[in-house]
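Text of my_file-v3.cif, listed as mmCIF, C-alpha atoms:
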data_final
#
loop_
_atom_site.label_atom_id
_atom_site.label_comp_id
_atom_site.auth_asym_id
_atom_site.auth_seq_id
_atom_site.Cartn_x
_atom_site.Cartn_y
_atom_site.Cartn_z
CA MET A 1 -9.72 29.39 -44.25
CA LEU A 2 -13.44 29.01 -44.92
CA ALA A 3 -14.67 28.99 -48.51
CA LYS A 4 -16.23 32.22 -49.73
CA ARG A 5 -20.02 32.26 -49.88
CA ILE A 6 -22.24 33.35 -52.75
CA ILE A 7 -25.56 34.61 -51.44
CA ALA A 8 -28.80 35.51 -53.22
CA ALA A 9 -31.08 38.21 -51.82
CA LEU A 10 -34.85 38.11 -52.04
CA ASP A 11 -36.27 41.56 -51.25
CA ILE A 12 -39.98 41.07 -50.67
CA LYS A 13 -42.80 43.58 -51.07
CA GLU A 14 -46.46 42.53 -51.06
CA GLY A 15 -45.45 38.89 -51.48
CA ARG A 16 -43.27 39.44 -54.57
CA VAL A 17 -39.52 39.75 -55.07
CA VAL A 18 -38.62 43.31 -56.06
CA LYS A 19 -35.42 45.16 -56.91
CA GLY A 20 -34.62 48.85 -57.17
CA ILE A 21 -31.69 51.23 -57.47
CA ASN A 22 -30.35 53.06 -54.39
CA PHE A 23 -33.31 51.63 -52.44
CA LYS A 24 -35.80 53.34 -54.80
CA ASN A 25 -37.80 52.69 -58.00
CA LEU A 26 -38.69 49.10 -57.18
CA ARG A 27 -39.64 46.72 -59.98
CA ASP A 28 -41.02 43.20 -59.90
CA ALA A 29 -38.54 40.33 -60.15
CA GLY A 30 -40.68 37.25 -59.59
CA ASP A 31 -42.09 34.75 -57.14
CA PRO A 32 -39.93 34.24 -54.02
CA VAL A 33 -40.43 30.48 -53.79
CA GLN A 34 -39.69 29.86 -57.46
CA LEU A 35 -36.58 32.06 -57.37
CA ALA A 36 -35.30 30.42 -54.18
CA LYS A 37 -35.68 26.97 -55.70
CA ARG A 38 -33.93 28.05 -58.89
CA TYR A 39 -30.98 29.46 -56.99
CA GLU A 40 -30.66 26.31 -54.92
CA ASP A 41 -30.62 24.23 -58.10
CA GLU A 42 -27.87 26.47 -59.50
CA GLY A 43 -25.70 25.96 -56.41
CA ILE A 44 -26.27 29.07 -54.29
CA ASP A 45 -24.68 28.86 -50.83
CA GLU A 46 -27.24 30.86 -48.89
CA ILE A 47 -30.45 32.82 -49.40
CA VAL A 48 -31.38 36.02 -47.58
CA PHE A 49 -35.05 36.97 -47.35
CA LEU A 50 -35.81 40.61 -46.55
CA ASP A 51 -39.32 41.92 -46.00
CA ILE A 52 -38.34 45.44 -47.06
CA THR A 53 -41.46 47.31 -45.96
CA ALA A 54 -42.11 45.60 -42.61
CA SER A 55 -40.28 48.23 -40.50
CA ASN A 56 -41.88 51.22 -42.21
CA GLU A 57 -45.31 49.59 -42.08
CA LYS A 58 -44.73 48.61 -38.43
CA ARG A 59 -45.86 45.02 -38.96
CA GLY A 60 -44.45 41.53 -38.70
CA ILE A 61 -42.72 39.58 -41.44
CA LEU A 62 -44.84 37.68 -43.97
CA MET A 63 -44.53 34.35 -42.19
CA ASP A 64 -46.49 32.34 -44.75
CA ILE A 65 -43.86 33.09 -47.40
CA VAL A 66 -41.02 32.35 -44.96
CA LYS A 67 -42.53 28.99 -44.12
CA GLU A 68 -43.12 28.10 -47.78
CA VAL A 69 -39.57 28.98 -48.83
CA ALA A 70 -38.13 27.06 -45.85
CA GLU A 71 -40.13 23.98 -46.84
CA GLU A 72 -38.94 24.13 -50.45
CA VAL A 73 -35.23 24.93 -50.13
CA HIS A 74 -32.48 23.32 -48.08
CA VAL A 75 -29.60 25.79 -48.26
CA PRO A 76 -29.10 28.08 -45.25
CA PHE A 77 -31.92 30.61 -45.14
CA THR A 78 -31.59 33.96 -43.34
CA VAL A 79 -34.66 36.10 -42.72
CA GLY A 80 -35.25 39.65 -41.49
CA GLY A 81 -37.24 42.83 -41.86
CA GLY A 82 -39.27 44.47 -39.13
CA LEU A 83 -37.95 42.30 -36.30
CA LYS A 84 -38.22 44.18 -33.02
CA ASP A 85 -38.03 41.66 -30.19
CA LEU A 86 -36.97 38.19 -29.13
CA GLN A 87 -40.47 36.82 -29.61
CA GLY A 88 -40.40 37.72 -33.30
CA VAL A 89 -36.99 36.09 -33.66
CA ARG A 90 -38.24 32.87 -32.08
CA GLU A 91 -41.25 32.85 -34.40
CA LEU A 92 -38.99 33.13 -37.44
CA VAL A 93 -36.86 30.21 -36.33
CA LYS A 94 -40.01 28.21 -35.60
CA ASN A 95 -41.18 28.87 -39.17
CA GLY A 96 -37.94 27.66 -40.74
CA ALA A 97 -35.33 30.41 -40.70
CA ASP A 98 -31.82 29.07 -40.13
CA LYS A 99 -30.51 32.50 -39.17
CA VAL A 100 -32.14 35.86 -38.52
CA PHE A 101 -30.98 39.35 -39.22
CA ILE A 102 -31.92 42.55 -37.44
CA ASN A 103 -31.35 46.10 -38.61
CA THR A 104 -33.55 48.94 -37.33
CA ALA A 105 -34.44 47.43 -33.94
CA ALA A 106 -30.80 46.58 -33.25
CA PHE A 107 -29.77 50.17 -33.97
CA GLN A 108 -32.54 51.62 -31.82
CA GLU A 109 -32.12 49.11 -28.96
CA PRO A 110 -28.56 47.72 -29.12
CA GLU A 111 -29.10 45.47 -26.09
CA LEU A 112 -31.45 43.43 -28.28
CA ILE A 113 -28.32 42.14 -30.01
CA ARG A 114 -27.02 40.69 -26.75
CA GLU A 115 -30.43 39.26 -25.89
CA VAL A 116 -30.84 37.47 -29.22
CA SER A 117 -27.22 36.32 -29.28
CA ASP A 118 -27.52 34.82 -25.80
CA THR A 119 -30.68 32.99 -26.84
CA LEU A 120 -29.88 31.79 -30.37
CA GLY A 121 -26.09 31.88 -30.34
CA SER A 122 -24.07 34.52 -32.14
CA SER A 123 -23.55 32.32 -35.20
CA ASN A 124 -27.29 32.51 -35.91
CA LEU A 125 -27.53 36.29 -35.60
CA VAL A 126 -26.73 38.60 -38.50
CA ILE A 127 -26.84 42.37 -38.10
CA ALA A 128 -27.80 44.12 -41.31
CA VAL A 129 -26.19 47.52 -41.77
CA ASP A 130 -27.29 49.95 -44.50
CA ALA A 131 -24.95 52.90 -44.98
CA LYS A 132 -24.09 55.68 -47.41
CA TRP A 133 -21.40 58.34 -47.70
CA ASN A 134 -22.61 61.71 -46.43
CA GLY A 135 -19.49 63.69 -47.33
CA ASP A 136 -17.75 63.06 -44.02
CA ILE A 137 -18.57 59.50 -42.90
CA TRP A 138 -20.33 56.36 -44.03
CA GLU A 139 -23.55 57.01 -42.15
CA VAL A 140 -25.82 54.22 -40.91
CA TYR A 141 -29.46 54.34 -42.08
CA THR A 142 -32.51 52.51 -40.69
CA HIS A 143 -36.12 51.81 -41.71
CA GLY A 144 -35.24 50.36 -45.09
CA GLY A 145 -32.70 53.08 -45.82
CA SER A 146 -35.12 55.94 -45.24
CA VAL A 147 -33.93 57.33 -41.88
CA PRO A 148 -30.36 58.59 -41.27
CA GLY A 149 -28.97 57.32 -38.00
CA GLY A 150 -26.29 59.94 -37.42
CA LYS A 151 -23.67 57.30 -36.59
CA ASP A 152 -20.51 56.26 -38.41
CA VAL A 153 -20.65 52.71 -39.75
CA ILE A 154 -17.25 51.83 -38.28
CA SER A 155 -18.23 52.69 -34.72
CA TRP A 156 -21.55 50.87 -35.15
CA VAL A 157 -20.09 47.58 -36.42
CA ARG A 158 -17.58 47.56 -33.59
CA GLU A 159 -20.43 47.97 -31.13
CA VAL A 160 -22.33 45.18 -32.88
CA GLU A 161 -19.40 42.82 -32.43
CA GLU A 162 -19.00 43.69 -28.75
CA LEU A 163 -22.68 43.01 -28.13
CA GLY A 164 -22.55 39.54 -29.68
CA GLY A 165 -23.52 39.98 -33.31
CA GLY A 166 -22.19 37.02 -35.25
CA GLU A 167 -22.03 38.50 -38.72
CA ILE A 168 -22.45 41.81 -40.57
CA LEU A 169 -24.55 42.13 -43.72
CA LEU A 170 -23.17 45.40 -45.09
CA THR A 171 -25.19 47.13 -47.82
CA SER A 172 -23.93 50.20 -49.60
CA MET A 173 -26.93 52.40 -50.36
CA ASP A 174 -24.81 54.36 -52.84
CA ALA A 175 -24.04 51.22 -54.86
CA ASP A 176 -27.29 49.30 -54.37
CA GLY A 177 -28.86 48.17 -57.64
CA THR A 178 -26.37 50.06 -59.81
CA GLU A 179 -24.47 46.92 -60.88
CA ASP A 180 -21.33 49.10 -60.87
CA GLY A 181 -19.60 47.11 -58.13
CA PHE A 182 -19.51 46.88 -54.35
CA ASP A 183 -18.39 49.90 -52.33
CA ILE A 184 -14.91 48.49 -51.81
CA PRO A 185 -13.52 51.33 -49.63
CA MET A 186 -16.41 51.00 -47.15
CA LEU A 187 -16.30 47.20 -47.27
CA LYS A 188 -12.54 47.14 -46.63
CA ALA A 189 -12.87 49.57 -43.72
CA VAL A 190 -15.58 47.48 -42.07
CA VAL A 191 -13.76 44.16 -42.61
CA GLU A 192 -10.65 45.64 -41.00
CA ALA A 193 -12.65 47.06 -38.07
CA VAL A 194 -14.15 43.78 -36.84
CA ASN A 195 -13.21 40.13 -36.40
CA ILE A 196 -16.61 38.69 -37.33
CA PRO A 197 -17.59 37.75 -40.90
CA VAL A 198 -18.75 40.53 -43.22
CA ILE A 199 -21.04 39.99 -46.22
CA ALA A 200 -20.74 42.49 -49.07
CA SER A 201 -24.04 43.74 -50.46
CA GLY A 202 -25.10 46.41 -52.93
CA GLY A 203 -23.78 46.93 -56.45
CA ALA A 204 -22.85 43.51 -57.82
CA GLY A 205 -23.06 43.55 -61.60
CA LYS A 206 -20.47 41.07 -62.89
CA PRO A 207 -18.18 38.31 -61.61
CA GLU A 208 -15.21 40.67 -61.25
CA HIS A 209 -17.08 42.56 -58.54
CA PHE A 210 -17.24 39.43 -56.38
CA ARG A 211 -13.52 38.85 -56.83
CA GLU A 212 -12.86 42.43 -55.68
CA ALA A 213 -14.98 41.90 -52.55
CA PHE A 214 -13.16 38.69 -51.68
CA GLN A 215 -9.79 40.35 -52.23
CA VAL A 216 -10.54 42.62 -49.26
CA ASP A 217 -11.57 39.58 -47.17
CA ALA A 218 -15.35 39.71 -47.32
CA SER A 219 -16.60 36.32 -46.11
CA GLY A 220 -19.52 36.33 -48.51
CA ALA A 221 -20.95 38.44 -51.29
CA LEU A 222 -24.61 38.96 -51.99
CA ALA A 223 -26.42 39.80 -55.21
CA ALA A 224 -29.96 40.19 -56.43
CA SER A 225 -30.35 41.80 -59.85
CA ILE A 226 -27.78 39.72 -61.73
CA PHE A 227 -29.45 36.51 -60.57
CA HIS A 228 -33.09 37.63 -60.76
CA TYR A 229 -32.83 38.78 -64.36
CA GLU A 230 -30.51 35.89 -65.33
CA LYS A 231 -27.57 38.05 -66.31
CA TYR A 232 -25.35 35.39 -64.73
CA THR A 233 -26.07 32.04 -63.13
CA VAL A 234 -24.54 30.96 -59.85
CA GLY A 235 -22.55 28.40 -61.85
CA ASP A 236 -21.16 31.11 -64.13
CA LEU A 237 -20.03 33.09 -61.13
CA LYS A 238 -18.45 30.20 -59.25
CA GLY A 239 -16.67 29.02 -62.38
CA TYR A 240 -15.12 32.45 -62.85
CA LEU A 241 -14.06 32.74 -59.22
CA LYS A 242 -12.48 29.27 -59.19
CA GLY A 243 -10.52 30.27 -62.26
CA CYS A 244 -9.22 33.28 -60.33
CA GLY A 245 -8.07 31.08 -57.46
CA VAL A 246 -10.92 32.03 -55.08
CA ASP A 247 -11.97 29.19 -52.79
CA VAL A 248 -15.73 28.83 -53.32
CA ARG A 249 -18.06 26.03 -52.36
CA THR A 250 -18.95 23.49 -55.02
#
Rewrite the coordinates I just gave you, this time as structure tokens.
Amino acid sequence: MLAKRIIAALDIKEGRVVKGINFKNLRDAGDPVQLAKRYEDEGIDEIVFLDITASNEKRGILMDIVKEVAEEVHVPFTVGGGLKDLQGVRELVKNGADKVFINTAAFQEPELIREVSDTLGSSNLVIAVDAKWNGDIWEVYTHGGSVPGGKDVISWVREVEELGGGEILLTSMDADGTEDGFDIPMLKAVVEAVNIPVIASGGAGKPEHFREAFQVDASGALAASIFHYEKYTVGDLKGYLKGCGVDVRT
């Protein structure tokens, strides 16, 4: 069995790392390059870079920041936000991204998943899925969590897998930024619905939350706030998880 991955998220707006609650009320968290370097020094397994306003602003990703981060850090680096075609994906890889993730464009044009997977390989393609409970289903949202998609998250992730998506980055909009824990029921349902790796995102506030995510077989768990504001270091988290018998990378 592969070791569980600890992943740091860098949500970027206007060249700065930001963090909000439930995708709203964003506040500044620092310089993306400096934070990425700090997390690498602490032992982070991967870094995810999300240009959170690219889709809504209908523009490309801030490539200068991507290139600078890629030059400074050497852990796997996944980038997304506003990607809409294969050309944009190729440009990201050219500028240093190890993997790419697609959200809105994949939902609007599912065949893009197959196209990118056939070109890059499924292991380099992550499909980001933002979802929240609407009273009946966990509904998929697009455009940075601002547009309801009308589709159940379980049916969508199954479609993603069939089309060649290599990994799911699952963010609970209900839990995002609350630090009250991952949405374990949704996470468990998605993990059980597919055979590809699933990364838990949204709600991490303490080491116990990561243990809970790994207990339902998440392959990785992502956090932002607890790292940005130095509530816990990556070392603190890995030390706790090792003590609980979780296989994490050293």
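With all atoms listed in the file taken into account, the protein and nucleic acid residues at most 7 Å from A:Val198 (excluding it and anything under 6 positions from it in its own chain) are Glu167, Ile168, Leu169, Leu170, Val191, Ala218, Ser219 and Gly220 of chain A.
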Just to be explicit: take each residue in the selection above, keep C-alpha atoms, and write the result as a compact mmCIF listing (two decimals), in the frame of the given file.
# COMPACT_ATOMS: atom_id res chain seq x y z
CA GLU A 167 -22.03 38.50 -38.72
CA ILE A 168 -22.45 41.81 -40.57
CA LEU A 169 -24.55 42.13 -43.72
CA LEU A 170 -23.17 45.40 -45.09
CA VAL A 191 -13.76 44.16 -42.61
CA ALA A 218 -15.35 39.71 -47.32
CA SER A 219 -16.60 36.32 -46.11
CA GLY A 220 -19.52 36.33 -48.51
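Using all atoms listed in the file for every distance, the candidate list A:Gly177, A:Leu112, A:His228, A:Lys206 yields A:His228 as the residue closest to A:Gln34.
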Using the chain letters and numbering of this document, enumerate as a ChimeraX atom specification the residues selected by the PyMOL selection byres ((chain A and resi 131-139) around 6). /A:130,140-141,151-153,172-174
Nearest residue to A:Gly30 out of A:Pro197, A:Gly245, A:Leu86, A:Ser225, using only C-alpha atoms? A:Ser225
So, with all atoms listed in the file as the atoms that count, which of A:Leu187, A:Val147, A:Ile113, A:Ile6 lies closest to A:Lys84? A:Ile113
Using only C-alpha atoms, what residues lie at most 9 Å away from (-29.7, 30.5, -32.2) (file coordinates), given as a tab-separated table (two decimals) with C-alpha atoms, in the coordinates of the input?
chain	number	residue	atom	x	y	z
A	90	ARG	CA	-38.24	32.87	-32.08
A	93	VAL	CA	-36.86	30.21	-36.33
A	98	ASP	CA	-31.82	29.07	-40.13
A	99	LYS	CA	-30.51	32.50	-39.17
A	100	VAL	CA	-32.14	35.86	-38.52
A	116	VAL	CA	-30.84	37.47	-29.22
A	117	SER	CA	-27.22	36.32	-29.28
A	118	ASP	CA	-27.52	34.82	-25.80
A	119	THR	CA	-30.68	32.99	-26.84
A	120	LEU	CA	-29.88	31.79	-30.37
A	121	GLY	CA	-26.09	31.88	-30.34
A	122	SER	CA	-24.07	34.52	-32.14
A	123	SER	CA	-23.55	32.32	-35.20
A	124	ASN	CA	-27.29	32.51	-35.91
A	125	LEU	CA	-27.53	36.29	-35.60
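This file, queried with the PyMOL selection byres ((chain A and resi 101-111) around 8), gives the residues Ser55, Thr78, Val79, Gly80, Gly81, Gly82, Leu83, Lys84, Asp85, Lys99, Val100, Leu112, Ile113, Arg114, Glu115, Leu125, Val126, Ile127, Ala128, Val129, Thr142, His143, Val160 and Leu163 of chain A.
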Within 9 Å of A:Phe77, counting all atoms listed in the file, which residues qualify if same-chain residues fewer than 5 places away don't, as a VMD selection string? chain A and resid 46 to 49 69 to 70 96 to 100
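As for atom CA of A:Leu241 and atom CA of A:Ala8, they are spaced 16.2 Å apart.
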